[in-house]
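Novice: Dropping in input-v3.txt, with compact mmCIF, C-alpha atoms and all ligand atoms.
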```
# COMPACT_ATOMS: atom_id res chain seq x y z
CA MET A 1 97.92 81.96 112.75
CA ARG A 2 96.12 85.15 111.78
CA GLN A 3 92.82 84.73 109.93
CA VAL A 4 92.80 86.65 106.65
CA ILE A 5 90.19 89.41 106.25
CA VAL A 6 88.72 90.61 102.97
CA ALA A 7 86.75 93.82 103.52
CA GLY A 8 84.79 95.89 101.03
CA ASN A 9 84.51 99.65 101.49
CA TRP A 10 81.58 100.74 99.34
CA LYS A 11 82.18 104.43 100.10
CA MET A 12 79.30 106.65 98.81
CA ASN A 13 78.18 104.14 96.19
CA THR A 14 75.17 101.90 95.50
CA ASN A 15 71.51 102.50 96.19
CA LYS A 16 69.30 100.30 98.39
CA ALA A 17 68.46 97.75 95.67
CA GLU A 18 72.02 97.62 94.31
CA GLY A 19 73.56 97.22 97.74
CA GLU A 20 71.21 94.42 98.73
CA ALA A 21 71.74 92.68 95.38
CA LEU A 22 75.51 93.04 95.86
CA VAL A 23 75.51 91.46 99.30
CA SER A 24 73.12 88.71 98.11
CA GLY A 25 75.51 88.00 95.22
CA ILE A 26 78.45 87.76 97.61
CA LYS A 27 76.44 85.51 99.92
CA GLU A 28 75.44 83.17 97.08
CA GLY A 29 78.94 82.93 95.68
CA LEU A 30 80.83 82.74 98.95
CA GLY A 31 81.17 78.99 99.45
CA GLU A 32 83.95 77.67 101.67
CA THR A 33 86.53 80.25 102.60
CA SER A 34 89.05 80.63 105.35
CA ALA A 35 88.73 84.42 105.11
CA GLU A 36 86.69 86.68 107.35
CA VAL A 37 84.44 88.74 105.06
CA LEU A 38 83.31 92.28 105.85
CA VAL A 39 81.32 94.93 104.00
CA PHE A 40 81.12 98.64 104.81
CA PRO A 41 77.99 100.04 103.09
CA PRO A 42 76.73 103.64 103.32
CA PHE A 43 74.84 104.52 106.53
CA PRO A 44 71.26 104.50 105.15
CA TYR A 45 71.56 100.95 103.87
CA LEU A 46 73.21 99.29 106.87
CA GLY A 47 70.05 97.69 108.29
CA GLY A 48 69.01 96.29 104.89
CA ILE A 49 72.49 94.92 104.23
CA VAL A 50 72.64 93.24 107.66
CA ALA A 51 69.27 91.61 106.88
CA ALA A 52 70.37 90.56 103.39
CA ALA A 53 73.60 89.06 104.79
CA GLU A 54 71.78 87.06 107.46
CA GLY A 55 72.54 83.35 107.42
CA SER A 56 75.99 83.96 105.92
CA ALA A 57 79.39 84.72 107.39
CA ILE A 58 79.37 88.24 105.96
CA GLN A 59 79.78 90.87 108.68
CA THR A 60 78.71 94.47 108.30
CA GLY A 61 80.49 97.60 109.44
CA SER A 62 79.97 101.34 109.12
CA GLN A 63 82.32 103.75 107.38
CA ASP A 64 82.35 106.18 110.32
CA LEU A 65 80.95 106.87 113.80
CA TYR A 66 80.49 109.85 116.03
CA ILE A 67 82.19 110.31 119.38
CA GLU A 68 79.15 111.26 121.47
CA ASP A 69 76.29 109.02 122.61
CA ASN A 70 73.38 111.23 121.51
CA GLY A 71 72.22 114.81 121.38
CA ALA A 72 72.55 117.89 119.19
CA TYR A 73 75.02 116.60 116.59
CA THR A 74 73.13 117.09 113.36
CA GLY A 75 73.99 114.52 110.73
CA GLU A 76 76.06 112.28 112.99
CA VAL A 77 75.54 108.60 113.87
CA SER A 78 76.32 107.02 117.27
CA THR A 79 77.83 103.67 118.12
CA ALA A 80 74.53 102.62 119.77
CA MET A 81 72.68 103.31 116.50
CA LEU A 82 75.24 101.31 114.55
CA LYS A 83 75.03 98.34 116.90
CA ASP A 84 71.23 98.64 116.92
CA VAL A 85 71.14 97.92 113.18
CA GLY A 86 73.62 95.06 113.47
CA CYS A 87 77.03 96.59 112.76
CA THR A 88 79.99 94.82 114.31
CA HIS A 89 82.83 96.89 112.82
CA VAL A 90 83.70 100.48 111.99
CA LEU A 91 86.28 102.05 109.67
CA VAL A 92 88.26 104.84 111.29
CA GLY A 93 90.85 107.16 109.73
CA HIS A 94 90.21 106.29 106.09
CA SER A 95 92.33 108.55 103.89
CA GLU A 96 89.23 110.16 102.39
CA ARG A 97 88.12 111.19 105.86
CA ARG A 98 91.61 112.45 106.64
CA HIS A 99 92.33 114.26 103.39
CA VAL A 100 88.93 115.09 101.86
CA LEU A 101 86.88 115.66 105.02
CA GLY A 102 89.72 117.06 107.12
CA GLU A 103 89.75 114.65 110.07
CA CYS A 104 92.79 115.10 112.28
CA ASN A 105 94.71 112.45 114.22
CA LYS A 106 93.16 113.58 117.51
CA LEU A 107 89.60 113.04 116.25
CA ILE A 108 90.62 109.71 114.71
CA ASN A 109 91.98 108.62 118.10
CA THR A 110 88.75 109.65 119.85
CA LYS A 111 86.72 107.70 117.28
CA THR A 112 88.96 104.63 117.69
CA ARG A 113 88.59 104.71 121.47
CA LYS A 114 84.85 105.36 121.28
CA GLY A 115 84.28 102.44 118.93
CA LEU A 116 86.30 100.09 121.13
CA ALA A 117 84.73 101.30 124.38
CA ASP A 118 81.28 100.60 122.94
CA GLY A 119 82.09 97.14 121.62
CA LEU A 120 82.72 97.72 117.94
CA LYS A 121 85.75 96.28 116.17
CA VAL A 122 87.82 99.08 114.67
CA VAL A 123 89.62 98.97 111.34
CA LEU A 124 92.13 101.81 111.70
CA CYS A 125 93.45 103.04 108.35
CA VAL A 126 96.90 104.56 107.96
CA GLY A 127 98.97 105.47 104.93
CA GLU A 128 101.25 108.06 103.36
CA LEU A 129 100.72 110.56 100.55
CA ILE A 130 102.84 110.22 97.40
CA GLU A 131 104.92 113.30 98.30
CA GLU A 132 105.59 111.83 101.74
CA ARG A 133 106.78 108.56 100.17
CA GLN A 134 108.96 110.44 97.70
CA ALA A 135 110.50 112.38 100.60
CA TRP A 136 111.29 109.08 102.37
CA GLN A 137 108.79 109.94 105.11
CA MET A 138 106.64 106.80 104.92
CA GLU A 139 107.80 105.41 108.25
CA ALA A 140 107.54 108.78 110.00
CA VAL A 141 103.97 109.23 108.74
CA LEU A 142 102.96 105.72 109.75
CA ASP A 143 104.58 106.22 113.16
CA GLU A 144 102.64 109.45 113.69
CA GLN A 145 99.30 107.98 112.55
CA MET A 146 99.76 104.83 114.64
CA SER A 147 100.91 106.74 117.74
CA TRP A 148 97.96 109.11 117.54
CA GLY A 149 95.40 106.58 116.38
CA LEU A 150 96.17 104.06 119.10
CA ALA A 151 96.95 106.46 121.97
CA GLY A 152 95.22 105.14 125.08
CA VAL A 153 94.27 101.82 123.43
CA THR A 154 95.27 98.94 125.70
CA ALA A 155 96.94 95.69 124.69
CA ASP A 156 93.69 93.87 125.55
CA GLU A 157 91.70 96.22 123.31
CA MET A 158 94.09 95.51 120.44
CA ALA A 159 92.28 92.17 120.02
CA SER A 160 89.45 94.28 118.54
CA VAL A 161 91.66 96.40 116.28
CA VAL A 162 92.62 95.69 112.68
CA ILE A 163 95.14 97.96 110.94
CA ALA A 164 94.69 98.79 107.26
CA TYR A 165 97.77 100.09 105.44
CA GLU A 166 96.47 102.14 102.55
CA PRO A 167 99.04 104.23 100.70
CA VAL A 168 96.99 107.23 99.61
CA TRP A 169 98.60 107.23 96.15
CA ALA A 170 97.21 103.75 95.51
CA ILE A 171 93.60 104.38 96.56
CA GLY A 172 91.19 104.52 93.65
CA THR A 173 94.05 105.36 91.26
CA GLY A 174 94.68 101.97 89.70
CA LEU A 175 98.25 102.22 91.05
CA THR A 176 98.96 99.35 93.40
CA ALA A 177 101.88 99.07 95.78
CA THR A 178 104.12 96.27 94.61
CA PRO A 179 104.06 93.22 96.88
CA ASP A 180 107.53 94.28 98.11
CA GLN A 181 106.38 97.83 98.89
CA ALA A 182 103.33 96.50 100.74
CA GLU A 183 105.41 93.99 102.69
CA GLU A 184 107.96 96.65 103.64
CA ALA A 185 105.24 98.90 105.11
CA HIS A 186 103.43 96.00 106.83
CA LYS A 187 106.69 94.77 108.35
CA TYR A 188 107.32 98.25 109.69
CA LEU A 189 103.80 98.35 111.17
CA ARG A 190 104.20 94.94 112.80
CA GLY A 191 107.51 96.06 114.28
CA TRP A 192 105.76 99.19 115.53
CA LEU A 193 103.15 97.04 117.29
CA GLU A 194 105.89 94.95 118.88
CA SER A 195 107.81 97.94 120.17
CA HIS A 196 104.74 99.85 121.40
CA TYR A 197 102.78 96.84 122.72
CA SER A 198 104.32 93.37 122.73
CA ALA A 199 105.42 90.50 120.52
CA ASP A 200 102.05 88.91 121.23
CA VAL A 201 100.03 91.91 120.03
CA ALA A 202 102.27 92.20 116.96
CA GLU A 203 101.80 88.51 116.17
CA ASN A 204 98.02 88.57 116.54
CA THR A 205 96.99 91.90 114.98
CA ARG A 206 95.76 91.67 111.41
CA ILE A 207 97.24 94.24 109.00
CA LEU A 208 95.32 94.63 105.75
CA TYR A 209 96.59 96.17 102.52
CA GLY A 210 94.34 98.59 100.63
CA GLY A 211 94.90 100.38 97.35
CA SER A 212 93.57 99.16 93.99
CA VAL A 213 93.36 95.51 95.05
CA LYS A 214 91.77 93.38 92.31
CA PRO A 215 91.28 89.66 91.73
CA ASP A 216 94.44 89.49 89.63
CA ASN A 217 96.81 91.13 92.13
CA ALA A 218 95.21 89.97 95.39
CA ALA A 219 96.94 86.60 95.77
CA GLU A 220 100.44 88.03 95.48
CA LEU A 221 99.73 90.90 97.86
CA ILE A 222 97.96 88.76 100.45
CA GLY A 223 100.67 86.13 100.02
CA GLN A 224 103.25 88.44 101.65
CA PRO A 225 104.19 87.29 105.16
CA ASN A 226 102.91 90.41 106.91
CA VAL A 227 99.83 91.08 104.75
CA ASP A 228 96.75 89.61 106.42
CA GLY A 229 94.12 90.49 103.86
CA ALA A 230 92.73 93.40 101.88
CA LEU A 231 90.56 96.46 102.26
CA VAL A 232 88.98 96.86 98.85
CA GLY A 233 87.22 99.89 97.39
CA GLY A 234 86.30 99.83 93.69
CA ALA A 235 86.59 96.07 93.22
CA SER A 236 84.21 95.43 96.13
CA LEU A 237 81.29 96.95 94.20
CA LYS A 238 80.80 93.92 91.96
CA ALA A 239 80.10 90.54 93.52
CA ASP A 240 82.30 88.75 90.97
CA SER A 241 85.41 90.80 91.58
CA PHE A 242 84.96 90.83 95.35
CA LEU A 243 84.46 87.05 95.31
CA GLY A 244 87.58 86.77 93.12
CA ILE A 245 89.59 88.55 95.79
CA ILE A 246 88.13 86.33 98.52
CA ALA A 247 89.04 83.26 96.45
CA ALA A 248 92.57 84.61 95.98
CA ALA A 249 92.84 85.06 99.74
CA GLY A 250 92.31 81.33 100.20
C1 LIG B 301 89.69 102.09 99.84
O1 LIG B 301 88.90 103.00 99.62
O2 LIG B 301 89.85 101.72 101.01
C2 LIG B 301 90.38 101.49 98.71
C3 LIG B 301 91.40 100.71 98.96
O3 LIG B 301 89.93 101.81 97.44
P1 LIG B 301 90.40 101.13 96.04
O4 LIG B 301 90.43 99.65 96.24
O5 LIG B 301 89.37 101.55 95.06
O6 LIG B 301 91.76 101.66 95.74
```
Do you think you could lay out the structure here as structure tokens?
Ligand code: PEP

Specialist:
Amino acid sequence: MRQVIVAGNWKMNTNKAEGEALVSGIKEGLGETSAEVLVFPPFPYLGGIVAAAEGSAIQTGSQDLYIEDNGAYTGEVSTAMLKDVGCTHVLVGHSERRHVLGECNKLINTKTRKGLADGLKVVLCVGELIEERQAWQMEAVLDEQMSWGLAGVTADEMASVVIAYEPVWAIGTGLTATPDQAEEAHKYLRGWLESHYSADVAENTRILYGGSVKPDNAAELIGQPNVDGALVGGASLKADSFLGIIAAAG
């Protein structure tokens, strides 16, 4: 039985006070939940968010990492720095990093392997553009992103990998994949894991859906057999809506 994950990607939003108030609000409202809860705040606030989340089940991850340990890489942040401030997870391959910041599959693979090698859990994001979907290329795109993203990742390491299916056309647009569309993509991804790893890895790997998830659509999406939770952008920036999604997840 896969434990559901509800993860909030704050992107480049909040300030220190807002972020700490947000995580305190989530902590206060959390109550009993069977879901694993994660937040991905901006780099400068990570330490403060980890401290504010202390004593709760909320785990903190970073939105990116760099592939070297230290040195002349102006502006970059290493895995050791992230772990030093209490991060347990990292997002890799988010569509904004792929399509706005120009990250290629090779770099995404290096980041995935670096995070895993250094003991972080990796949430690897994959998803097609609208023109790729319209050209019936969804599966080909997912195959390419999975093959590249997970190249060199062992079956044992897959215990520390979560996949997030995020159709790019549904991110921040208010357009959500229908539960059937989400399930179709997730089923494909689970089949991919079975054919490239094993039935065991496919059975145990969590696959999250991301793309305009809100409290009122979360239950139906997460209720699909192959959807193991949600990666939430906009609706994770208010404690009430994020808590609503956690409640919908069960
Ligand atoms: C995201 O950025 O990962 C995301 C899913 O955003 P939103 O929920 O705002 O579509």

Novice: Hey, which of A:Gly211, A:Gly223, A:Pro167, A:Gly47 ends up closest to A:Val85? Count only C-alpha atoms.

Specialist: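 Of A:Gly211, A:Gly223, A:Pro167, A:Gly47, the one nearest A:Val85, counting only C-alpha atoms, is A:Gly47.
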
Novice: Measure the distance from atom CA of A:Val23 to atom CA of A:Val50 in Å and round it to one decimal.

Specialist: 9.0 Å

Novice: What are the centre and the three edge lengths of an axis-aligned box that wraps all atoms of stretch 204-209 of chain A in the file, given that 3 Å is added to every side, written as JSON and rounded to one decimal in Å?

Specialist:
```
{"center_x": 96.7, "center_y": 92.4, "center_z": 109.5, "size_x": 8.7, "size_y": 13.6, "size_z": 20.0}
```

Novice: Neighbours of A:Ala170 within 10 Å (all atoms listed in the file; same-chain residues fewer than 2 positions away dropped), as a list in words?

Specialist: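 Selected residues are Gly127, Glu128, Leu129, Ile130, Glu166, Pro167, Val168, Gly172, Thr173, Gly174, Leu175, Thr176, Ala177, Gly210, Gly211, Ser212 and Val213 of chain A.
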
Novice: Name the closest residue to A:Ala155 among the candidates A:Asp143, A:His196, A:Lys121, A:Glu183; distances are taken between atoms, counting all atoms listed in the file.

Specialist: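 Among A:Asp143, A:His196, A:Lys121, A:Glu183, it is A:His196 that comes nearest to A:Ala155.
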
Novice: Quote the spacing between atom CA of A:Ser78 and atom CA of A:Ser62 in Å to one decimal place.

Specialist: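 Atom CA of A:Ser62 lies 10.6 Å from atom CA of A:Ser78.
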
Novice: Would you mind listing what lies within 8 Å of A:Thr79 as a PyMOL selection string, with only C-alpha atoms counted and same-chain residues fewer than 4 positions away left out?

Specialist: chain A and resi 65-66+69+83+114-115+118+120

Novice: Counting all atoms listed in the file, which residue out of A:Val92, A:Ala199, A:Leu107, A:Ile49 sits closest to ligand LIG 301 (chain B)?

Specialist: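 Once distances to ligand LIG 301 (chain B) are computed over all atoms listed in the file, the minimum belongs to A:Val92.
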
Novice: Let me make sure I understand: among A:Arg190, A:His94, A:His99, A:Arg133, which one has the smallest atom-to-atom distance to ligand LIG 301 (chain B) if we use all atoms listed in the file?

Specialist: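 Closest to ligand LIG 301 (chain B), using all atoms listed in the file: A:His94.
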
Novice: Could you check which of A:Gln3, A:Ser95, A:Asn217, A:Asn70 is closest to ligand LIG 301 (chain B), using all atoms listed in the file?

Specialist: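 So, comparing all the options, the nearest one is A:Ser95.
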
Novice: Taking all atoms listed in the file into account, which of A:Glu103, A:Glu96, A:Asp64, A:Asp84 comes nearest A:Val123?

Specialist: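 Closest residue, counting all atoms listed in the file: A:Asp64.
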
Novice: In the coordinate frame of the file, compute which residues have an atom within 8 Å of (85.1, 94.7, 101.6) when using all atoms listed in the file, and state them as a PyMOL selection string.

Specialist: chain A and resi 6-10+37-40+230-233+236+242

Novice: To one decimal place in Å, what is the distance between atom CA of A:Pro215 and atom CA of A:Asp240?

Specialist: 9.1 Å

Novice: What lies within 10 Å of A:Val227 using only C-alpha atoms, ignoring chain neighbours under 4 positions off, as a tab-separated table (two decimals) with C-alpha atoms, in the coordinates of the input?

Specialist:
```tsv
chain	number	residue	atom	x	y	z
A	2	ARG	CA	96.12	85.15	111.78
A	4	VAL	CA	92.80	86.65	106.65
A	5	ILE	CA	90.19	89.41	106.25
A	164	ALA	CA	94.69	98.79	107.26
A	165	TYR	CA	97.77	100.09	105.44
A	179	PRO	CA	104.06	93.22	96.88
A	182	ALA	CA	103.33	96.50	100.74
A	183	GLU	CA	105.41	93.99	102.69
A	184	GLU	CA	107.96	96.65	103.64
A	185	ALA	CA	105.24	98.90	105.11
A	186	HIS	CA	103.43	96.00	106.83
A	187	LYS	CA	106.69	94.77	108.35
A	190	ARG	CA	104.20	94.94	112.80
A	206	ARG	CA	95.76	91.67	111.41
A	207	ILE	CA	97.24	94.24	109.00
A	208	LEU	CA	95.32	94.63	105.75
A	209	TYR	CA	96.59	96.17	102.52
A	220	GLU	CA	100.44	88.03	95.48
A	221	LEU	CA	99.73	90.90	97.86
A	222	ILE	CA	97.96	88.76	100.45
A	223	GLY	CA	100.67	86.13	100.02
```

Novice: With a distance cut-off of 7 Å and all atoms listed in the file, select the neighbouring residues of A:Pro42, excluding the residue or stretch itself and same-chain residues fewer than 6 positions from it, and output the selection as a list in words.

Specialist: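 So, after excluding close chain neighbours, the residues are Trp10, Lys11, Met12 and Gln63 of chain A.
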
Novice: Contacts of A:Trp148 at 10 Å or less, counting only C-alpha atoms, minus same-chain residues fewer than 2 places along, as a count of residues only?

Specialist: 15
